[in-house]
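Engineer: Below is a structure I'd like to ask you about.
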Amino acid sequence: MSGQERWRRWLVLALLWGVAILFLIPLLWMLSSSLKPTYQIFETPPRWIPNPPRWENYSEALTTLPFALYIRNTAVITLLTIVGHLLSCTLIAYAFARLRAPGRDALFVVMLATMMLPYPVTMTPLYVIFNRLGWINTILPLTAPAFFGSAFYIFLMRQFFMTIPRDFEDAARIDGANTLQIIGRIMAPMAMPALATVTIFTFQATWNDFLAPLIYLQRPELYTVTLGLQFFRSTYTTNWAYLMAASLVTTLPVIVVFFAAQRYFIEGITLTGVKG
Amino acid sequence: MHTAASTPRPRRRWLPVRRETLTFYLLISPWLIGLLSFTLIPIVASLGFSFTRWDMLSPPEPIGLRNYARMLDDRLFWQSLSVTVHYTLMYVPSELIGGLLLALLMNQVSTRGIRIFRTIYYMPSVLSGVAFVVVWMWLFHPEAGLINATLAMVGIRGPRWLVDPNTALTALWIMSLWGLGRTAVIYLAGLRGIPRELYEAAAIDGAGTWQSFLRVTLPMLTPTIFFNLVLSVIATFQTFTSAFVATNGGPLDSTLFFVLYLYRKAFQEFQMGYASALAWVLFVIILALTLVIVRSGRWWVYYEGEDR
């Protein structure tokens with residue numbers, strides 16, 4: 001029995017490592033290709049360790065197109081979106097979690113329903129609206145909506161607020177705090193894990209977003225990293241070393257944040273699950 | 001905003017209802033405005049647009065139901081619908097079953113092991129976006145790509161993947177499976193939420209591994225499966241980036257996804273009326289699919305009688 005148990009454990013581990021290696025190969029191949037001189041890129045059989053590694057690929061790839069600018073553009077959009085979500089979703093979620101008002105429950109159901117609404121359904125009319133406002137080729141269509149809340153994050157924060165005991169608020173209210181002070185000084189600090197989850201999910205989704213920037217940002221100086229990478233790919237289609245170097249650098253922020261805040265990623269998706 | 005504040009009078013724990021209502025609506029007012037201007041008005045407007053011919057330069061010209069009638073004869077409309085349905089039927093089951101298998105395997109090892117594997121499996125899914133696709137385009141390169149170069153080492157001549165209309169959709173499917181980790185992590189959380197006593201009780205009743213999987217694990221996991229199914233169908237129906245970047249719908253329209261076709265009509269050909277009609281068709285299809293899944297859930301999703 002014990003022998004059978006041991007055999008089973010080894011089999012499980014072998015399968016897990018097998019899949020893990022399959023999952024890691026594309027990343028390692030990306031890293032390896034990014035450091036290859038051109039003549040090694042198309043070498044068969046494939047060479048895993050570039051010899052000698054060509055670090056210039058990075059500086060050359062990143063200056064062929066102004067990737068520093070794209071990173072800055074993306075950072076600005078991402079930062080504004082995060083700020084917008086944190087401000088609006090905290091206030092809205094608090095209201096849904098704590099305040100009683102006629103119509104609240106019906107509105108909450110409406111909010112849940114909007115989470116299911118696919119973006120492509122509204123993208124055409126939204127373009128028409130933003131066009132009329134003169135917002136095409138500005139970052140406003142990508143950032144302004146964040147300040148009006150986002151159903152998924154409101155839901156996530158509301159669920160978190162519901163778990164906080166009311167005593168703290170009651171005490172503060174007795175001390176004369178108003179609702180905004182209660183949210184800012186008591187609820188928000190206690191909801192740090194939820195705020196962190198909202199921050200990193202927003203970061204990841206905005207940094208990787210492609211469809212919305214593609215629609216609204218047509219001028220190259222406004223490009224985000226995903227648009228820049230796509231432009232790079234369609235222009236320098238055969239220079240795979242450069243492409244891998246640029247891909248790696250533009251996704252590096254997401255990888256770093258993933259490792260730094262993995263806990264919140266895992267907690268966030270296990271709490272409700274979210275599209276990547 | 002300070003008008004919404006409560007009266008700073010000591011020992012008053014309650015607020016007059018009228019004031020609380022006012023505070024509620026003040027706090028959610030951004031969301032209400034957003035709901036109206038970024039969701040409700042656009043949806044209604046797009047229904048209106050769908051009955052017109054409109055290039056955004058001249059005023060919209062009402063044409064009744066002709067946009068919808070046009071779809072019936074539009075080969076590319078049917079092609080994009082067929083590609084999307086075909087792909088959804090390929091991807092959703094493999095994601096649900098593959099994710100479950102990975103989660104079941106992870107659940108067998110120690111907590112430290114789980115942490116390592118969870119990190120490895122989950123990482124690719126946070127990279128989603130253009131970089132994710134570009135890496136796979138390189139892996140799928142017909143001659144020098146890692147996949148075919150490795151196959152060549154053992155004497156197999158690999159398919160031409162993304163440039164062959166017969167294999168392009170399969171290539172996109174393999175690419176998407178790299179993002180399977182997210183689903184596996186959700187399953188893993190579901191698995192770890194199943195009370196141990198249920199397995200102990202099953203063991204006392206003489207159930208083997210397979211039987212306790214069928215009688216305990218699977219029923220207890222149905223809410224998670226249901227949740228993943230709904231999310232996966234909705235997300236797969238909206239596939240865009242991978243097809244746009246990797247194949248741009250080709251070769252021979254073999255990867256022309258519905259949203260890609262919609263994007264072309266709206267933002268490359270500026271046929272706003274027809275694009276709006278397509279958007280409404282997408283909306284109705286996704287709504288119908290979601291309703292069917294939710295309805296079917298009554299028959300196969302098991303909910304515990306108590307709150308968890």
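FYI, nothing fancy with the structure tokens labels: chains A, B, ... in order, residues from 1 per chain, ligands from 1 as they appear.
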Determine, using only C-alpha atoms, which residues of stretch 13-101 of chain A have any atom at most 12 Å from an atom of stretch 150-164 of chain B, and tabulate each with its shortest atom pair and distance in Å to one decimal place, rows ordered by chain and then rising number, as a tab-separated table.
Structural biologist:
residue	atom	partner	partner_atom	distance
A:Glu43	CA	B:Thr150	CA	11.5
A:Thr44	CA	B:Met153	CA	8.3
A:Pro45	CA	B:Met153	CA	6.5
A:Pro46	CA	B:Thr150	CA	7.1
A:Arg47	CA	B:Thr150	CA	10.4
A:Trp48	CA	B:Thr150	CA	11.5
Engineer: Let's see if you can do this: from backbone DSSP, list all alpha helix (DSSP H) residues in stretch 3-252 of chain B, as a ChimeraX atom specification.
Structural biologist: /B:17-34,41-49,66-73,75-106,111-126,130-139,146-153,168-177,181-192,196-204,209-212,218-237,241-246
Engineer: Quick one: contact table of chain A to chain B, 7 Å max, nearest atom pair and distance in Å to one decimal per residue, counting only C-alpha atoms, chain and number order, as a Markdown table?
Structural biologist:
| residue | atom | partner | partner_atom | distance |
| --- | --- | --- | --- | --- |
| A:Val12 | CA | B:Leu105 | CA | 6.2 |
| A:Leu16 | CA | B:Leu105 | CA | 6.9 |
| A:Ala20 | CA | B:Ile120 | CA | 6.3 |
| A:Phe23 | CA | B:Tyr121 | CA | 6.5 |
| A:Pro26 | CA | B:Val135 | CA | 6.9 |
| A:Met30 | CA | B:Val135 | CA | 6.4 |
| A:Phe42 | CA | B:Ala144 | CA | 5.2 |
| A:Thr44 | CA | B:Ala149 | CA | 6.3 |
| A:Pro45 | CA | B:Ala149 | CA | 6.1 |
| A:Pro46 | CA | B:Ala149 | CA | 6.3 |
| A:Leu91 | CA | B:Leu27 | CA | 5.8 |
| A:Ile92 | CA | B:Ile28 | CA | 4.8 |
| A:Ala95 | CA | B:Phe24 | CA | 5.3 |
| A:Leu99 | CA | B:Phe24 | CA | 5.9 |
| A:Arg100 | CA | B:Thr21 | CA | 6.5 |
| A:Ala101 | CA | B:Thr21 | CA | 4.6 |
| A:Pro120 | CA | B:Ala279 | CA | 6.7 |
| A:Val121 | CA | B:Ala279 | CA | 4.8 |
| A:Thr122 | CA | B:Pro42 | CA | 5.9 |
| A:Thr124 | CA | B:Ser276 | CA | 6.5 |
| A:Pro125 | CA | B:Pro42 | CA | 5.0 |
| A:Leu126 | CA | B:Pro42 | CA | 6.0 |
| A:Pro145 | CA | B:Gly34 | CA | 6.9 |
| A:Phe148 | CA | B:Pro30 | CA | 4.7 |
| A:Gly149 | CA | B:Trp31 | CA | 5.4 |
| A:Asp170 | CA | B:Arg13 | CA | 6.6 |
| A:Ile174 | CA | B:Pro10 | CA | 5.1 |
| A:Asp175 | CA | B:Pro10 | CA | 6.7 |
| A:Gly176 | CA | B:Pro8 | CA | 4.1 |
| A:Ala177 | CA | B:Pro8 | CA | 6.8 |
| A:Asn178 | CA | B:Ala5 | CA | 4.4 |
| A:Thr179 | CA | B:Ala5 | CA | 5.5 |
| A:Gln204 | CA | B:Val126 | CA | 6.8 |
| A:Asn208 | CA | B:Gly129 | CA | 5.0 |
| A:Asp209 | CA | B:Gly129 | CA | 6.7 |
| A:Phe210 | CA | B:Gly129 | CA | 6.8 |
| A:Thr226 | CA | B:Val130 | CA | 5.6 |
| A:Leu229 | CA | B:Val130 | CA | 6.9 |
| A:Gln230 | CA | B:Val130 | CA | 6.7 |
| A:Met244 | CA | B:Val135 | CA | 6.9 |
| A:Ser247 | CA | B:Ala131 | CA | 4.9 |
| A:Thr251 | CA | B:Leu127 | CA | 6.6 |
| A:Val254 | CA | B:Leu127 | CA | 6.9 |
| A:Ile269 | CA | B:Ile186 | CA | 6.6 |
| A:Thr270 | CA | B:Ile186 | CA | 5.2 |
| A:Gly273 | CA | B:Ile186 | CA | 6.8 |
| A:Gly276 | CA | B:Val126 | CA | 6.3 |
Engineer: Would you mind exporting N, CA and C atoms of the selected residues as a compact mmCIF listing (two decimals), in the first residue's frame?
Structural biologist:
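Result file result.txt:
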# COMPACT_ATOMS: atom_id res chain seq x y z
N VAL A 12 2.17 12.03 -9.79
CA VAL A 12 1.54 13.36 -9.70
C VAL A 12 2.58 14.45 -9.89
N LEU A 16 2.86 17.23 -12.86
CA LEU A 16 2.86 18.66 -12.54
C LEU A 16 4.09 19.36 -13.11
N ALA A 20 4.40 22.14 -15.97
CA ALA A 20 5.08 23.38 -15.58
C ALA A 20 6.16 23.73 -16.60
N PHE A 23 4.66 25.13 -19.62
CA PHE A 23 4.21 26.50 -19.40
C PHE A 23 5.38 27.48 -19.39
N PRO A 26 7.71 28.81 -23.32
CA PRO A 26 7.58 30.03 -24.13
C PRO A 26 8.30 31.23 -23.52
N MET A 30 11.45 33.09 -25.17
CA MET A 30 11.38 34.54 -25.42
C MET A 30 12.69 35.18 -24.95
N PHE A 42 17.79 31.81 -36.56
CA PHE A 42 17.18 30.82 -37.45
C PHE A 42 17.94 29.50 -37.47
N THR A 44 19.06 25.77 -36.85
CA THR A 44 18.46 24.49 -36.48
C THR A 44 19.57 23.47 -36.32
N PRO A 45 19.48 22.56 -35.35
CA PRO A 45 18.47 22.52 -34.31
C PRO A 45 18.52 23.76 -33.40
N PRO A 46 17.38 24.09 -32.76
CA PRO A 46 17.31 25.34 -31.99
C PRO A 46 18.37 25.39 -30.89
N LEU A 91 -16.22 54.74 -2.87
CA LEU A 91 -17.43 55.48 -2.46
C LEU A 91 -18.69 54.70 -2.81
N ILE A 92 -18.74 54.21 -4.04
CA ILE A 92 -19.95 53.51 -4.52
C ILE A 92 -20.14 52.21 -3.74
N ALA A 95 -21.49 52.80 -0.29
CA ALA A 95 -22.93 53.09 -0.31
C ALA A 95 -23.73 51.80 -0.45
N LEU A 99 -25.37 51.72 3.29
CA LEU A 99 -26.47 52.68 3.40
C LEU A 99 -27.77 52.06 2.89
N ARG A 100 -28.85 52.33 3.62
CA ARG A 100 -30.14 51.83 3.17
C ARG A 100 -30.85 52.93 2.41
N ALA A 101 -31.41 52.57 1.27
CA ALA A 101 -32.14 53.56 0.48
C ALA A 101 -33.12 52.82 -0.41
N PRO A 120 -17.45 44.72 -26.82
CA PRO A 120 -17.71 44.97 -28.24
C PRO A 120 -19.12 45.45 -28.55
N VAL A 121 -20.08 45.13 -27.65
CA VAL A 121 -21.46 45.55 -27.91
C VAL A 121 -21.59 47.06 -27.86
N THR A 122 -20.86 47.69 -26.93
CA THR A 122 -21.02 49.15 -26.81
C THR A 122 -19.90 49.93 -27.50
N THR A 124 -19.02 50.49 -30.61
CA THR A 124 -19.37 51.35 -31.74
C THR A 124 -20.07 52.63 -31.29
N PRO A 125 -21.19 52.51 -30.53
CA PRO A 125 -21.84 53.75 -30.09
C PRO A 125 -20.95 54.60 -29.19
N LEU A 126 -20.10 53.97 -28.36
CA LEU A 126 -19.20 54.77 -27.52
C LEU A 126 -18.24 55.59 -28.38
N PRO A 145 -13.87 57.10 -18.09
CA PRO A 145 -14.89 56.19 -17.55
C PRO A 145 -14.50 55.56 -16.21
N PHE A 148 -16.07 56.81 -13.06
CA PHE A 148 -17.50 56.58 -12.85
C PHE A 148 -17.74 55.15 -12.35
N GLY A 149 -16.70 54.54 -11.85
CA GLY A 149 -16.84 53.21 -11.25
C GLY A 149 -16.81 52.11 -12.28
N ASP A 170 -19.60 53.09 13.92
CA ASP A 170 -20.49 53.66 14.93
C ASP A 170 -19.70 54.52 15.90
N ILE A 174 -20.10 58.56 16.47
CA ILE A 174 -20.34 59.18 17.77
C ILE A 174 -19.34 60.31 18.00
N ASP A 175 -18.11 60.08 17.52
CA ASP A 175 -17.09 61.13 17.65
C ASP A 175 -17.31 62.26 16.66
N GLY A 176 -18.36 62.17 15.86
CA GLY A 176 -18.71 63.28 14.99
C GLY A 176 -18.15 63.21 13.58
N ALA A 177 -17.70 62.02 13.15
CA ALA A 177 -17.17 61.93 11.79
C ALA A 177 -18.32 61.87 10.78
N ASN A 178 -18.13 62.51 9.62
CA ASN A 178 -19.17 62.40 8.60
C ASN A 178 -18.87 61.21 7.68
N THR A 179 -19.78 60.96 6.73
CA THR A 179 -19.65 59.75 5.92
C THR A 179 -18.33 59.69 5.15
N GLN A 204 -3.05 45.44 -14.43
CA GLN A 204 -2.81 44.38 -15.42
C GLN A 204 -3.72 44.56 -16.63
N ASN A 208 -2.29 45.78 -20.39
CA ASN A 208 -2.39 44.84 -21.51
C ASN A 208 -3.47 45.20 -22.51
N ASP A 209 -4.29 46.20 -22.22
CA ASP A 209 -5.44 46.47 -23.08
C ASP A 209 -4.98 46.80 -24.50
N PHE A 210 -5.71 46.27 -25.45
CA PHE A 210 -5.33 46.47 -26.84
C PHE A 210 -6.46 47.09 -27.66
N THR A 226 1.12 48.17 -26.05
CA THR A 226 0.55 47.12 -26.90
C THR A 226 0.44 47.60 -28.35
N LEU A 229 3.97 47.67 -29.81
CA LEU A 229 4.44 46.32 -30.11
C LEU A 229 3.79 45.78 -31.39
N GLN A 230 2.51 46.03 -31.54
CA GLN A 230 1.80 45.58 -32.73
C GLN A 230 2.35 46.30 -33.97
N MET A 244 11.29 39.94 -29.58
CA MET A 244 11.28 39.29 -28.27
C MET A 244 11.79 40.24 -27.19
N SER A 247 9.04 42.70 -26.55
CA SER A 247 7.93 42.05 -25.83
C SER A 247 8.27 41.88 -24.36
N THR A 251 6.37 43.75 -21.14
CA THR A 251 5.57 42.98 -20.19
C THR A 251 6.26 42.88 -18.83
N VAL A 254 4.37 44.01 -15.75
CA VAL A 254 3.31 43.10 -15.31
C VAL A 254 3.90 41.91 -14.56
N ILE A 269 -8.82 36.54 -7.82
CA ILE A 269 -9.54 35.67 -8.75
C ILE A 269 -10.29 34.58 -8.03
N THR A 270 -9.81 34.18 -6.85
CA THR A 270 -10.57 33.14 -6.16
C THR A 270 -11.81 33.74 -5.51
N GLY A 273 -13.20 35.70 -9.50
CA GLY A 273 -12.80 35.32 -10.85
C GLY A 273 -12.97 36.51 -11.77
N GLY A 276 -8.87 37.88 -17.78
CA GLY A 276 -7.48 38.32 -17.69
C GLY A 276 -7.12 39.47 -18.47
Engineer: Quick one, how far is atom CA of A:Asn239 from atom CA of A:Phe259?
Structural biologist: 29.5 Å
Engineer: Which one of A:Ala68, A:Ile77, A:Ala205, A:Val19 sits closest to A:Thr138 if you count only C-alpha atoms?
Structural biologist: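 Under the stated criterion, the closest residue is A:Ile77.
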Engineer: A:Leu112: which residues within 9 Å, counting only C-alpha atoms, same-chain residues fewer than 5 positions away excluded, as a list in words?
Structural biologist: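 These residues fall inside the cut-off: Leu107, Ala151, Phe152 and Phe155 of chain A.
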Engineer: Could you write out the selected residues, including N, CA and C atoms, as a PDB file, in the first residue's frame?
Structural biologist:
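Result file is again-v6.pdb:
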ATOM      1  N   LEU A 107     -30.909  48.491  -7.969  1.00  0.00           N
ATOM      2  CA  LEU A 107     -29.735  49.046  -8.643  1.00  0.00           C
ATOM      3  C   LEU A 107     -28.551  48.095  -8.556  1.00  0.00           C
ATOM      4  N   ALA A 151     -18.215  47.999 -12.526  1.00  0.00           N
ATOM      5  CA  ALA A 151     -19.098  47.089 -11.787  1.00  0.00           C
ATOM      6  C   ALA A 151     -18.340  46.005 -11.030  1.00  0.00           C
ATOM      7  N   PHE A 152     -17.368  45.392 -11.691  1.00  0.00           N
ATOM      8  CA  PHE A 152     -16.675  44.278 -11.055  1.00  0.00           C
ATOM      9  C   PHE A 152     -15.956  44.717  -9.778  1.00  0.00           C
ATOM     10  N   PHE A 155     -18.329  45.603  -6.979  1.00  0.00           N
ATOM     11  CA  PHE A 155     -18.820  44.361  -6.375  1.00  0.00           C
ATOM     12  C   PHE A 155     -17.774  43.786  -5.422  1.00  0.00           C
TER      13      PHE A 155
END
Engineer: Applying 10 Å and only C-alpha atoms, which residues near A:Ala75 remain after dropping the ones on its own chain fewer than 4 positions away? List them as a PyMOL selection string.
Structural biologist: chain A and resi 69-71+79-81+203+206-207+224-225+253
Engineer: Ranking A:Leu252, A:Ile82, A:Leu227, A:Met123 by minimum distance to A:Thr143 and counting only C-alpha atoms, which one comes first?
Structural biologist: A:Ile82
